[in-house]
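File shown here: query-v8.cif, holding mmCIF, C-alpha atoms.
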data_start
#
loop_
_atom_site.label_atom_id
_atom_site.label_comp_id
_atom_site.auth_asym_id
_atom_site.auth_seq_id
_atom_site.Cartn_x
_atom_site.Cartn_y
_atom_site.Cartn_z
CA MET O 383 49.37 25.94 -4.53
CA HIS O 384 47.43 23.07 -6.07
CA ASN O 385 46.48 24.83 -9.33
CA LEU O 386 48.24 23.66 -12.46
CA TYR O 387 50.87 26.28 -13.31
CA VAL O 388 49.84 27.42 -16.79
CA TYR O 389 49.28 31.14 -16.16
CA ALA O 390 51.82 33.88 -15.39
CA ARG O 391 49.77 35.89 -12.91
CA PRO O 392 50.74 39.06 -11.02
CA PRO O 393 51.39 38.64 -7.28
CA PHE O 394 47.98 39.53 -5.83
CA VAL O 395 44.59 37.88 -5.34
CA LEU O 396 41.35 39.54 -6.41
CA SER O 397 38.47 39.33 -3.95
CA HIS O 398 35.61 41.39 -5.36
CA GLY O 399 34.69 44.05 -7.87
CA SER O 400 32.24 46.83 -8.63
CA GLY O 401 31.63 48.29 -12.07
CA SER O 402 35.01 48.90 -13.69
CA TRP O 403 36.95 48.29 -10.47
CA VAL O 404 38.42 45.19 -8.80
CA TYR O 405 39.83 44.83 -5.30
CA THR O 406 42.55 42.64 -3.83
CA VAL O 407 42.67 40.44 -0.76
CA PRO O 408 45.07 41.89 1.84
CA SER O 409 48.22 39.77 1.80
CA PRO O 410 48.70 37.81 5.05
CA SER O 411 52.36 37.11 4.23
CA SER O 412 53.36 40.70 3.47
CA THR O 413 56.06 42.33 5.59
CA THR O 414 55.16 45.87 4.54
CA ALA O 415 52.19 47.87 5.74
CA SER O 416 51.21 48.97 2.21
CA HIS O 417 50.62 45.40 1.09
CA ASP O 418 48.53 44.59 4.16
CA GLN O 419 45.84 46.95 2.85
CA GLU O 420 43.20 46.17 0.27
CA ARG O 421 44.10 47.74 -3.08
CA LYS O 422 41.79 48.63 -5.93
CA TYR O 423 42.53 48.56 -9.67
CA LEU O 424 40.76 50.12 -12.61
CA ASP O 425 40.06 47.06 -14.72
CA PHE O 426 40.49 47.68 -18.44
CA THR O 427 40.83 43.96 -19.16
CA SER O 428 37.18 43.17 -18.25
CA GLY O 429 38.01 39.48 -17.94
CA ILE O 430 39.50 39.59 -21.47
CA ALA O 431 36.52 41.38 -23.05
CA VAL O 432 33.93 39.41 -21.05
CA ASN O 433 32.44 41.60 -18.32
CA ALA O 434 30.34 43.85 -20.54
CA LEU O 435 28.20 44.98 -17.59
CA GLY O 436 31.19 45.31 -15.31
CA HIS O 437 31.72 43.54 -12.00
CA ALA O 438 29.00 42.71 -9.47
CA ASP O 439 26.15 44.21 -11.48
CA PRO O 440 23.14 44.13 -9.11
CA GLU O 441 20.52 43.19 -11.70
CA PHE O 442 22.72 40.45 -13.14
CA ALA O 443 23.25 39.05 -9.62
CA ARG O 444 19.51 39.18 -8.94
CA VAL O 445 18.65 37.25 -12.11
CA MET O 446 21.35 34.67 -11.39
CA GLY O 447 20.06 34.02 -7.90
CA GLU O 448 16.44 33.86 -9.05
CA GLN O 449 17.17 31.35 -11.81
CA ALA O 450 19.55 29.27 -9.68
CA ALA O 451 16.75 28.92 -7.14
CA THR O 452 14.35 27.78 -9.88
CA LEU O 453 16.15 25.55 -12.41
CA SER O 454 19.86 25.68 -13.22
CA HIS O 455 20.61 22.61 -15.37
CA THR O 456 18.64 19.97 -17.21
CA SER O 457 20.91 18.81 -20.07
CA ASN O 458 19.71 18.89 -23.67
CA VAL O 459 17.63 15.77 -23.25
CA PHE O 460 14.83 18.23 -22.45
CA TRP O 461 13.63 21.65 -23.60
CA ASN O 462 13.94 24.65 -21.32
CA GLU O 463 12.19 27.99 -21.71
CA TRP O 464 15.24 30.25 -21.85
CA ALA O 465 17.35 28.63 -24.58
CA GLY O 466 14.64 29.20 -27.17
CA SER O 467 13.97 32.73 -25.96
CA LEU O 468 17.64 33.72 -26.14
CA ALA O 469 18.08 32.14 -29.58
CA GLU O 470 15.07 34.06 -30.88
CA LEU O 471 16.33 37.31 -29.36
CA ILE O 472 19.77 37.00 -30.98
CA VAL O 473 18.42 36.03 -34.40
CA GLU O 474 15.70 38.68 -34.50
CA THR O 475 18.11 41.40 -33.35
CA THR O 476 20.57 40.32 -36.04
CA LYS O 477 17.81 40.54 -38.65
CA ARG O 478 16.94 44.02 -37.41
CA GLU O 479 20.47 45.42 -37.01
CA GLY O 480 22.32 43.50 -39.73
CA GLY O 481 24.66 40.56 -39.95
CA LEU O 482 25.04 36.98 -41.20
CA GLY O 483 24.10 38.04 -44.73
CA LEU O 484 20.57 38.84 -43.58
CA SER O 485 19.23 42.12 -44.90
CA LYS O 486 18.39 44.65 -42.22
CA ASN O 487 14.72 44.45 -41.25
CA SER O 488 14.49 41.30 -43.37
CA GLY O 489 11.24 40.20 -41.74
CA GLN O 490 10.01 36.66 -42.28
CA GLY O 491 11.89 35.92 -45.49
CA GLN O 492 15.23 34.85 -44.00
CA GLY O 493 16.26 33.31 -40.73
CA ALA O 494 18.93 31.56 -38.72
CA LYS O 495 19.41 28.87 -36.10
CA ILE O 496 21.56 28.81 -32.97
CA PHE O 497 23.45 26.07 -31.14
CA PHE O 498 24.54 26.96 -27.60
CA THR O 499 27.89 25.92 -26.14
CA SER O 500 29.81 26.60 -22.93
CA SER O 501 32.69 28.65 -24.40
CA GLY O 502 34.06 30.35 -27.48
CA THR O 503 36.49 27.54 -28.18
CA GLU O 504 33.63 25.05 -28.10
CA ALA O 505 31.65 27.27 -30.46
CA ASN O 506 34.50 27.26 -32.98
CA GLU O 507 34.96 23.49 -32.63
CA GLY O 508 31.27 22.97 -33.34
CA ALA O 509 31.43 25.31 -36.33
CA PHE O 510 34.33 23.29 -37.75
CA LYS O 511 32.29 20.09 -37.43
CA PHE O 512 29.31 21.70 -39.13
CA ILE O 513 31.26 23.04 -42.12
CA ARG O 514 32.90 19.68 -42.70
CA LYS O 515 29.48 18.04 -42.78
CA ILE O 516 28.13 20.76 -45.09
CA GLY O 517 31.23 20.38 -47.28
CA LYS O 518 30.37 16.73 -47.84
CA GLU O 519 26.85 17.66 -48.87
CA VAL O 520 28.08 20.35 -51.29
CA TRP O 521 30.68 18.02 -52.82
CA SER O 522 28.31 15.08 -53.15
CA GLN O 523 25.60 17.10 -54.87
CA LYS O 524 28.12 18.66 -57.25
CA THR O 525 30.13 15.52 -57.98
CA LEU O 526 27.63 12.68 -57.62
CA GLY O 527 24.32 14.49 -58.04
CA GLN O 528 22.97 13.12 -54.80
CA ALA O 529 22.95 13.67 -51.05
CA TRP O 530 26.05 12.49 -49.21
CA THR O 531 25.85 9.16 -47.45
CA PRO O 532 28.56 7.71 -45.20
CA PRO O 533 30.58 4.80 -46.61
CA SER O 534 29.12 1.43 -45.74
CA SER O 535 30.82 -0.44 -42.91
CA THR O 536 30.68 -3.49 -45.17
CA SER O 537 32.45 -1.81 -48.09
CA SER O 538 34.45 -4.20 -50.23
CA SER O 539 37.54 -3.60 -52.30
CA THR O 540 35.28 -3.18 -55.32
CA ASP O 541 33.24 -0.39 -53.70
CA THR O 542 33.23 2.63 -56.06
CA ALA O 543 32.35 5.21 -53.36
CA GLN O 544 34.64 8.23 -53.58
CA PRO O 545 36.19 9.77 -50.46
CA CYS O 546 35.14 13.41 -50.08
CA PRO O 547 38.11 15.77 -50.59
CA LYS O 548 36.19 18.87 -49.49
CA TYR O 549 37.34 19.05 -45.87
CA ARG O 550 40.04 21.72 -45.74
CA ILE O 551 39.62 24.84 -43.58
CA ALA O 552 41.35 28.16 -44.27
CA CYS O 553 42.47 30.44 -41.44
CA PHE O 554 44.82 33.42 -41.12
CA GLU O 555 48.09 34.50 -39.54
CA ASN O 556 47.84 36.03 -36.06
CA ALA O 557 44.38 34.53 -35.53
CA PHE O 558 43.27 33.14 -32.20
CA HIS O 559 40.35 30.71 -32.19
CA GLY O 560 40.95 28.71 -29.00
CA ARG O 561 43.14 26.19 -27.22
CA SER O 562 41.45 22.84 -27.88
CA LEU O 563 43.05 20.79 -30.62
CA GLY O 564 40.80 21.75 -33.52
CA ALA O 565 40.63 25.44 -32.61
CA LEU O 566 44.37 25.40 -31.95
CA SER O 567 44.94 24.05 -35.45
CA ALA O 568 43.36 27.28 -36.74
CA THR O 569 45.53 29.41 -34.43
CA PRO O 570 48.85 29.62 -36.29
CA ASN O 571 51.12 30.61 -33.43
CA PRO O 572 54.14 28.29 -33.01
CA LYS O 573 54.30 29.01 -29.27
CA TYR O 574 50.79 27.60 -28.85
CA GLN O 575 50.92 24.87 -31.48
CA GLN O 576 54.34 23.20 -31.38
CA PRO O 577 54.10 21.47 -27.97
CA PHE O 578 50.89 19.75 -29.07
CA ALA O 579 51.76 18.64 -32.59
CA PRO O 580 50.64 16.79 -34.61
CA LEU O 581 47.58 18.98 -34.95
CA VAL O 582 44.31 18.27 -36.71
CA PRO O 583 45.07 17.93 -40.44
CA GLY O 584 43.42 19.98 -43.16
CA PHE O 585 44.09 23.57 -42.07
CA ASP O 586 45.60 26.08 -44.50
CA VAL O 587 46.99 29.44 -43.38
CA GLY O 588 46.73 32.71 -45.30
CA GLU O 589 47.53 36.33 -44.53
CA LEU O 590 44.87 38.79 -43.35
CA ASN O 591 44.02 41.42 -45.99
CA ASP O 592 46.11 39.68 -48.67
CA PHE O 593 44.06 39.71 -51.88
CA GLU O 594 46.54 37.90 -54.10
CA GLY O 595 46.70 34.73 -52.03
CA LEU O 596 42.96 34.07 -51.79
CA GLU O 597 42.53 31.99 -54.95
CA LYS O 598 45.26 29.57 -53.93
CA LEU O 599 44.21 29.49 -50.27
CA ILE O 600 40.51 28.85 -50.89
CA GLY O 601 40.07 26.06 -53.42
CA GLU O 602 37.58 23.42 -54.47
CA ASP O 603 38.66 21.23 -51.55
CA THR O 604 37.98 24.02 -49.01
CA CYS O 605 34.86 23.41 -46.95
CA GLY O 606 35.15 26.58 -44.91
CA VAL O 607 37.05 29.73 -43.99
CA ILE O 608 37.30 31.27 -40.52
CA VAL O 609 38.28 34.90 -39.93
CA GLU O 610 38.07 37.42 -37.10
CA PRO O 611 36.79 40.80 -38.36
CA ILE O 612 39.01 42.28 -35.63
CA GLN O 613 41.88 40.15 -34.35
CA GLY O 614 41.66 40.58 -30.59
CA GLU O 615 44.50 38.37 -29.37
CA GLY O 616 46.58 38.72 -32.51
CA GLY O 617 47.41 42.43 -32.34
CA LEU O 618 44.11 44.27 -33.03
CA ALA O 619 44.35 44.17 -36.83
CA VAL O 620 41.05 44.92 -38.59
CA ALA O 621 39.98 42.97 -41.68
CA ASN O 622 39.57 45.27 -44.68
CA VAL O 623 35.96 45.41 -45.90
CA GLU O 624 36.96 45.02 -49.55
CA TRP O 625 39.11 42.06 -48.63
CA LEU O 626 36.16 40.46 -46.81
CA ARG O 627 34.11 40.99 -49.97
CA ALA O 628 36.80 39.13 -51.93
CA VAL O 629 36.82 36.31 -49.35
CA ARG O 630 33.02 36.07 -49.54
CA LYS O 631 33.14 35.99 -53.37
CA ARG O 632 35.80 33.26 -53.40
CA CYS O 633 33.84 31.17 -50.89
CA ASP O 634 30.77 31.42 -53.12
CA GLU O 635 32.79 30.37 -56.16
CA VAL O 636 34.00 27.13 -54.58
CA GLY O 637 31.07 26.36 -52.28
CA ALA O 638 32.89 27.06 -49.00
CA VAL O 639 31.21 28.27 -45.82
CA LEU O 640 32.44 31.56 -44.32
CA ILE O 641 32.71 31.81 -40.53
CA PHE O 642 33.25 35.06 -38.66
CA ASP O 643 34.69 34.50 -35.20
CA GLU O 644 33.13 37.40 -33.28
CA ILE O 645 33.87 35.94 -29.86
CA GLN O 646 35.88 39.00 -28.80
CA CYS O 647 34.73 41.73 -31.19
CA GLY O 648 31.01 40.95 -31.33
CA LEU O 649 28.03 41.79 -29.12
CA TYR O 650 28.44 45.58 -29.31
CA ARG O 651 32.09 45.83 -28.26
CA SER O 652 32.92 47.27 -31.68
CA GLY O 653 29.99 49.71 -31.46
CA THR O 654 27.52 47.59 -33.44
CA LEU O 655 25.85 44.24 -32.68
CA TRP O 656 28.43 42.42 -34.79
CA ALA O 657 31.65 43.94 -36.01
CA HIS O 658 30.31 43.24 -39.52
CA SER O 659 26.72 44.47 -38.96
CA SER O 660 27.24 47.69 -40.90
CA TYR O 661 29.04 46.00 -43.81
CA PRO O 662 27.25 45.26 -47.10
CA THR O 663 25.71 41.78 -47.17
CA ASP O 664 28.22 40.66 -49.81
CA CYS O 665 30.94 41.06 -47.14
CA GLN O 666 29.11 39.00 -44.50
CA PRO O 667 29.46 35.41 -43.25
CA ASP O 668 27.31 32.27 -43.24
CA ILE O 669 28.13 31.44 -39.60
CA VAL O 670 28.96 33.62 -36.58
CA THR O 671 30.55 32.27 -33.40
CA MET O 672 30.12 34.23 -30.18
CA ALA O 673 30.80 33.87 -26.47
CA LYS O 674 32.69 36.20 -24.12
CA PRO O 675 30.22 38.94 -23.04
CA LEU O 676 27.02 37.02 -23.76
CA ALA O 677 26.38 36.15 -20.09
CA ASN O 678 28.78 38.67 -18.50
CA GLY O 679 31.19 36.02 -17.26
CA TYR O 680 28.93 33.02 -16.81
CA PRO O 681 30.17 30.36 -19.27
CA ILE O 682 28.24 30.41 -22.54
CA GLY O 683 28.97 30.43 -26.26
CA ALA O 684 26.94 30.02 -29.42
CA ILE O 685 27.05 29.19 -33.12
CA MET O 686 24.60 31.07 -35.33
CA MET O 687 24.06 29.92 -38.92
CA ARG O 688 21.62 30.83 -41.65
CA ASP O 689 18.69 28.51 -42.31
CA ASP O 690 20.01 27.42 -45.69
CA LEU O 691 22.99 25.81 -43.91
CA ALA O 692 21.10 24.68 -40.82
CA GLN O 693 19.01 22.34 -42.97
CA HIS O 694 22.09 20.09 -43.28
CA ILE O 695 22.41 19.66 -39.50
CA ALA O 696 20.20 16.87 -38.18
CA VAL O 697 19.45 15.15 -34.88
CA GLY O 698 22.67 13.55 -33.65
CA SER O 699 24.98 15.83 -35.67
CA HIS O 700 26.33 17.47 -32.52
CA GLY O 701 25.68 17.71 -28.80
CA THR O 702 26.72 19.20 -25.48
CA THR O 703 25.99 18.54 -21.81
CA PHE O 704 26.16 22.06 -20.43
CA GLY O 705 25.48 24.28 -23.46
CA GLY O 706 22.12 26.04 -23.41
CA SER O 707 21.34 25.39 -19.74
CA PRO O 708 18.45 27.32 -18.16
CA LEU O 709 20.84 29.34 -16.00
CA ALA O 710 23.28 30.21 -18.80
CA THR O 711 20.61 31.18 -21.29
CA ARG O 712 18.51 33.20 -18.85
CA LEU O 713 21.62 35.17 -17.93
CA GLY O 714 22.42 35.51 -21.63
CA HIS O 715 18.89 36.76 -22.31
CA HIS O 716 19.21 39.34 -19.55
CA VAL O 717 22.63 40.57 -20.69
CA PHE O 718 21.78 40.64 -24.41
CA SER O 719 18.54 42.51 -23.72
CA ARG O 720 20.45 45.22 -21.89
CA LEU O 721 23.33 45.44 -24.37
CA SER O 722 20.95 45.87 -27.29
CA ARG O 723 19.00 48.80 -25.81
CA PRO O 724 19.50 51.90 -28.01
CA GLU O 725 20.62 54.05 -25.07
CA PHE O 726 23.22 51.43 -24.10
CA VAL O 727 24.59 51.20 -27.64
CA SER O 728 24.76 54.99 -27.75
CA HIS O 729 26.80 54.98 -24.53
CA VAL O 730 29.23 52.41 -25.97
CA ARG O 731 29.75 54.50 -29.09
CA ASP O 732 30.28 57.70 -27.10
CA ALA O 733 32.78 55.96 -24.81
CA ALA O 734 34.62 54.46 -27.78
CA SER O 735 34.78 57.84 -29.53
CA HIS O 736 36.22 59.49 -26.43
CA LEU O 737 38.76 56.71 -25.90
CA HIS O 738 39.85 56.87 -29.55
CA SER O 739 40.23 60.64 -29.29
CA ARG O 740 42.49 60.29 -26.26
CA LEU O 741 44.58 57.48 -27.75
CA SER O 742 44.93 59.05 -31.21
CA SER O 743 47.04 61.91 -29.84
CA LEU O 744 49.67 59.58 -28.38
CA PRO O 745 51.54 58.36 -31.51
CA ALA O 746 52.49 61.95 -32.38
CA LEU O 747 53.66 62.57 -28.81
CA PHE O 748 55.73 59.37 -28.69
CA PRO O 749 56.83 58.70 -32.28
CA THR O 750 59.91 56.71 -31.21
CA LEU O 751 57.74 54.31 -29.20
CA LEU O 752 54.46 53.94 -31.06
CA HIS O 753 53.22 53.07 -34.51
CA ALA O 754 51.31 55.83 -36.26
CA SER O 755 47.67 54.86 -35.70
CA VAL O 756 45.34 53.49 -33.06
CA ARG O 757 44.45 49.83 -33.62
CA GLY O 758 41.12 48.05 -33.33
CA ARG O 759 37.66 49.56 -33.15
CA GLY O 760 35.10 50.55 -30.56
CA LEU O 761 36.06 49.39 -27.07
CA LEU O 762 38.40 46.74 -28.47
CA THR O 763 41.35 49.01 -29.14
CA GLY O 764 44.99 49.68 -28.38
CA LEU O 765 48.39 50.86 -29.50
CA GLY O 766 51.14 49.19 -31.50
CA PHE O 767 54.75 49.51 -30.31
CA LYS O 768 57.92 49.63 -32.40
CA ASP O 769 59.82 47.63 -29.79
CA ALA O 770 58.11 44.29 -29.11
CA ALA O 771 59.45 44.31 -25.53
CA ASP O 772 57.57 47.50 -24.64
CA PRO O 773 53.96 46.24 -24.35
CA GLY O 774 54.80 43.86 -21.51
CA THR O 775 56.77 46.59 -19.76
CA LEU O 776 53.91 49.07 -20.12
CA VAL O 777 51.32 46.61 -18.79
CA LYS O 778 53.46 46.15 -15.66
CA MET O 779 53.98 49.90 -15.24
CA MET O 780 50.26 50.61 -15.52
CA ARG O 781 49.42 47.82 -13.09
CA GLU O 782 51.80 49.32 -10.53
CA ARG O 783 49.87 52.58 -10.93
CA GLY O 784 46.48 50.93 -10.47
CA VAL O 785 45.26 50.29 -14.03
CA LEU O 786 44.95 46.83 -15.60
CA VAL O 787 45.40 46.41 -19.37
CA LEU O 788 46.48 43.56 -21.65
CA THR O 789 48.99 42.82 -24.37
CA ALA O 790 47.88 41.69 -27.82
CA GLY O 791 49.94 39.80 -30.36
CA LYS O 792 53.64 40.53 -30.59
CA ASP O 793 53.67 44.32 -30.31
CA ALA O 794 50.46 45.84 -28.92
CA VAL O 795 48.79 46.94 -25.71
CA ARG O 796 45.09 46.10 -25.69
CA ILE O 797 42.47 48.22 -23.92
CA VAL O 798 39.14 46.46 -23.34
CA PRO O 799 37.12 48.15 -20.59
CA SER O 800 33.64 47.06 -19.60
CA LEU O 801 30.92 48.49 -21.81
CA VAL O 802 29.52 50.43 -18.85
CA VAL O 803 32.80 52.34 -18.40
CA LYS O 804 32.48 55.97 -17.37
CA ARG O 805 34.11 58.91 -19.12
CA GLU O 806 36.16 59.80 -16.05
CA GLU O 807 37.46 56.23 -15.88
CA LEU O 808 38.55 56.43 -19.50
CA ASP O 809 40.36 59.67 -18.73
CA MET O 810 42.07 58.20 -15.70
CA ALA O 811 43.32 55.18 -17.67
CA CYS O 812 44.56 57.38 -20.51
CA ASP O 813 46.30 59.72 -18.08
CA VAL O 814 48.10 56.76 -16.49
CA LEU O 815 48.95 55.36 -19.92
CA GLU O 816 50.44 58.67 -21.06
CA SER O 817 52.48 59.07 -17.87
CA CYS O 818 53.86 55.55 -18.31
CA LEU O 819 54.84 56.33 -21.88
CA VAL O 820 56.72 59.38 -20.63
CA GLU O 821 58.62 57.23 -18.13
CA LEU O 822 59.27 54.52 -20.71
CA GLN O 823 60.63 57.08 -23.17
CA LYS O 824 62.91 58.58 -20.50
CA ALA O 825 64.24 55.13 -19.61
CA LYS O 826 65.06 54.41 -23.24
CA VAL O 827 66.89 57.74 -23.64
CA LYS O 828 69.05 56.93 -20.60
CA THR O 829 70.11 53.58 -22.06
CA GLU O 830 71.06 54.98 -25.47
#

For the structure just supplied, provide its representation as structure tokens.
Amino acid sequence: MHNLYVYARPPFVLSHGSGSWVYTVPSPSSTTASHDQERKYLDFTSGIAVNALGHADPEFARVMGEQAATLSHTSNVFWNEWAGSLAELIVETTKREGGLGLSKNSGQGQGAKIFFTSSGTEANEGAFKFIRKIGKEVWSQKTLGQAWTPPSSTSSSTDTAQPCPKYRIACFENAFHGRSLGALSATPNPKYQQPFAPLVPGFDVGELNDFEGLEKLIGEDTCGVIVEPIQGEGGLAVANVEWLRAVRKRCDEVGAVLIFDEIQCGLYRSGTLWAHSSYPTDCQPDIVTMAKPLANGYPIGAIMMRDDLAQHIAVGSHGTTFGGSPLATRLGHHVFSRLSRPEFVSHVRDAASHLHSRLSSLPALFPTLLHASVRGRGLLTGLGFKDAADPGTLVKMMRERGVLVLTAGKDAVRIVPSLVVKREELDMACDVLESCLVELQKAKVKTE
């Protein structure tokens, strides 16, 4: 194998998929007849919450081929027709359905701008750059009464220019914002961070849903705060709406920008456009980062910010080679258009309700194994375990029985099917899950 060994993968190779199913390549080295055959798995990982339309969607494949045969990449030296169309679609849908502090059906009075990237990590990195630039503008106007200007390269020892202290970024325990150095600095997991220290300076860590610590965490030198409304990788904890209101209020008090990382929970996975779409506007962010399902697996991400912040971002403030390409944004336009159809959203909500109903009965059936309530929301959901060793064991057991799921954080199993999942597929996965819990409980009783 010539691939760098950074992933602990199961011992099979996937060859193709269809809807919620994936299929393996028959193993040429197997010595048993069963492993010589193609095997199929019910995929409730969906590429880690990416494949919203499932695998090998015919319309998605048609659009990809059509655009690839027309114009796939130009760089951002030039305009292309699809980047603007997708940006408009996302912003106008947000204005209609709620989010980003824009009133629902807000019409022409408020707006937002979008910067396209190639991934969620890149979206968060760009957002960090933007809030540090905006922080300088806020500080300079408040402290000096003028727009911020960079220090002169010919500054002398008598130069009275003050360095801007408003550069700190607040994040929260169990967050996951990416693996590049800046995003990693906002991902307070020692396993991820320690091998790559020293990290980017200026990050402060708080605790999700902790009211008392907000005043100390978010101060006058804070330029921005980043929070996931639902922590996908960190264990499926949901940010309390009243706590988000307190975060929003504290950001307003000190002139800090509030970012919601909706890379995993956004774009209808939670049952609404954004996980925060139904929240009051005084609980909503200034910037939203997005990625995963936007082009159903083709690399794309985006940063969306309100116009009042976008005015601080000028030509040369940021850039990307691949972000916003004709191919990525046409695919994004196709996917977003389908996800936002009322009948599609209704299907997601019905599927999520059924899944929650099935999962919610399990803690009472297995009280020695499971915490009392289902975690997450919508089709980003799962179960918390009392023994931190059990999630990994359960994932393996379910895989052996033909169902793929994920772990989350230190103690949870995460269930993230495609958004086109069928009711019978949900039932099959839940049946397998319950049978594995029975076997896991029996095994624990034997060892006691």

query: Separation of CA of Ala568 (chain O) and CA of Lys515 (chain O), in Å?
result: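 Straight-line distance from CA of Ala568 (chain O) to CA of Lys515 (chain O) works out to 17.7 Å.
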
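With distances taken over all atoms listed in the file, O:Val473 is the one residue among O:Leu386, O:Leu815, O:Val473, O:Val520 lying closest to Trp656 (chain O).
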
Which residues of region 584-685 of chain O sit at most 6 Å from region 756-766 of chain O, using only C-alpha atoms? Give each one's shortest atom pair and distance in Å (one decimal place), in chain and ascending residue order, as CSV.
residue,atom,partner,partner_atom,distance
O:Leu618,CA,O:Gly758,CA,4.8
O:Arg651,CA,O:Leu761,CA,5.5
O:Ser652,CA,O:Gly760,CA,4.1
O:Gly653,CA,O:Gly760,CA,5.3

- line: In terms of only C-alpha atoms, the residue from O:Gly617, O:Pro577, O:Gly527, O:Pro667 at minimal distance from Leu788 (chain O) is O:Gly617

All residues 6 Å or closer to Thr427 (chain O), all atoms listed in the file, same chain fewer than 6 positions away omitted, as a ChimeraX atom specification: /O:787,798-799

Save out the residues we just selected, C-alpha atoms, as an mmCIF file, in the frame of the given file.
data_model
loop_
_atom_site.group_PDB
_atom_site.id
_atom_site.type_symbol
_atom_site.label_atom_id
_atom_site.label_comp_id
_atom_site.auth_asym_id
_atom_site.auth_seq_id
_atom_site.Cartn_x
_atom_site.Cartn_y
_atom_site.Cartn_z
ATOM 1 C CA VAL O 787 45.400 46.410 -19.370
ATOM 2 C CA VAL O 798 39.140 46.460 -23.340
ATOM 3 C CA PRO O 799 37.120 48.150 -20.590
#

message: Under the rule that only C-alpha atoms are counted, which of O:Ser500, O:Thr789, O:Thr476, O:Thr702 is the nearest residue to Phe718 (chain O)?
response: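 So, comparing all the options, the nearest one is O:Thr476.
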
- request: Run through the PyMOL selection byres ((chain O and resi 700) around 12) on the given coordinates and return the selected residues as a PyMOL selection string.
  value: chain O and resi 458+497-499+504-505+507-512+515+685+694-699+701-703+705

Target residues per the PyMOL selection byres ((chain O and resi 395) around 10), formatted as a ChimeraX atom specification: /O:391-394,396-398,405-409

query: Out of O:Thr503, O:Ser742, O:Thr711, O:Ser534, which residue has the shortest atom-to-atom distance to Trp464 (chain O) when counting only C-alpha atoms?
result: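 Residue with the minimum atom-to-atom distance to Trp464 (chain O): O:Thr711.
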
task: Convert the output of the PyMOL selection byres ((chain O and resi 727) around 12) on the shown file into explicit residues, formatted as a PyMOL selection string.
output: chain O and resi 434+479+649-656+718-726+728-734+760-761+801-802

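If you measure from each of O:Pro532, O:Pro745, O:Pro675, O:Gly447 to Ile430 (chain O) using only C-alpha atoms, the closest one turns out to be O:Pro675.
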
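The two atoms in question, CA of Pro580 (chain O) and CA of Asp603 (chain O), are spaced 21.2 Å apart.
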
- prompt: Of the residues O:Lys778, O:Arg444, O:Arg805, O:His753, which is the one nearest to His736 (chain O), using only C-alpha atoms?
  reply: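 The closest residue to His736 (chain O) is O:Arg805.
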
Coordinates-based distance that separates CA of Leu676 (chain O) from CA of Gly502 (chain O) (Å, one decimal):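 Between CA of Gly502 (chain O) and CA of Leu676 (chain O) the gap is 10.4 Å.
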
Neighbour list for Arg712 (chain O) as a compact mmCIF listing (two decimals) with C-alpha atoms, in the frame of the given file, cut-off 8 Å, only C-alpha atoms, skip fewer than 2 positions in-chain:
# COMPACT_ATOMS: atom_id res chain seq x y z
CA VAL O 445 18.65 37.25 -12.11
CA GLN O 449 17.17 31.35 -11.81
CA TRP O 464 15.24 30.25 -21.85
CA ALA O 465 17.35 28.63 -24.58
CA LEU O 468 17.64 33.72 -26.14
CA PRO O 708 18.45 27.32 -18.16
CA LEU O 709 20.84 29.34 -16.00
CA ALA O 710 23.28 30.21 -18.80
CA GLY O 714 22.42 35.51 -21.63
CA HIS O 715 18.89 36.76 -22.31
CA HIS O 716 19.21 39.34 -19.55

Pick out the residues sitting within 8 Å of Ala770 (chain O), and hand them over as a PDB file with C-alpha atoms, in the frame of the given file; count all atoms listed in the file, and ignore anything fewer than 5 positions along from it in its own chain.
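Contents of selection15.pdb, as written:
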ATOM      1  CA  LYS O 792      53.640  40.530 -30.590  1.00  0.00           C
ATOM      2  CA  ASP O 793      53.670  44.320 -30.310  1.00  0.00           C
ATOM      3  CA  ALA O 794      50.460  45.840 -28.920  1.00  0.00           C
TER       4      ALA O 794
END

message: Need the shell around Val623 (chain O): protein/DNA/RNA residues with any atom at most 10 Å away, counting all atoms listed in the file. Skip same-chain ones fewer than 2 positions apart. Format as a list of chain:residue names?
response: O:Asn591, O:Pro611, O:Val620, O:Ala621, O:Trp625, O:Leu626, O:Arg627, O:Ala628, O:Val629, O:His658, O:Tyr661, O:Pro662, O:Asp664, O:Cys665, O:Gln666

May I have the residues from that selection written out with C-alpha atoms, as an mmCIF file, in the coordinates of the input?
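Everything below was put into selection04.cif:
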data_model
loop_
_atom_site.group_PDB
_atom_site.id
_atom_site.type_symbol
_atom_site.label_atom_id
_atom_site.label_comp_id
_atom_site.auth_asym_id
_atom_site.auth_seq_id
_atom_site.Cartn_x
_atom_site.Cartn_y
_atom_site.Cartn_z
ATOM 1 C CA ASN O 591 44.020 41.420 -45.990
ATOM 2 C CA PRO O 611 36.790 40.800 -38.360
ATOM 3 C CA VAL O 620 41.050 44.920 -38.590
ATOM 4 C CA ALA O 621 39.980 42.970 -41.680
ATOM 5 C CA TRP O 625 39.110 42.060 -48.630
ATOM 6 C CA LEU O 626 36.160 40.460 -46.810
ATOM 7 C CA ARG O 627 34.110 40.990 -49.970
ATOM 8 C CA ALA O 628 36.800 39.130 -51.930
ATOM 9 C CA VAL O 629 36.820 36.310 -49.350
ATOM 10 C CA HIS O 658 30.310 43.240 -39.520
ATOM 11 C CA TYR O 661 29.040 46.000 -43.810
ATOM 12 C CA PRO O 662 27.250 45.260 -47.100
ATOM 13 C CA ASP O 664 28.220 40.660 -49.810
ATOM 14 C CA CYS O 665 30.940 41.060 -47.140
ATOM 15 C CA GLN O 666 29.110 39.000 -44.500
#
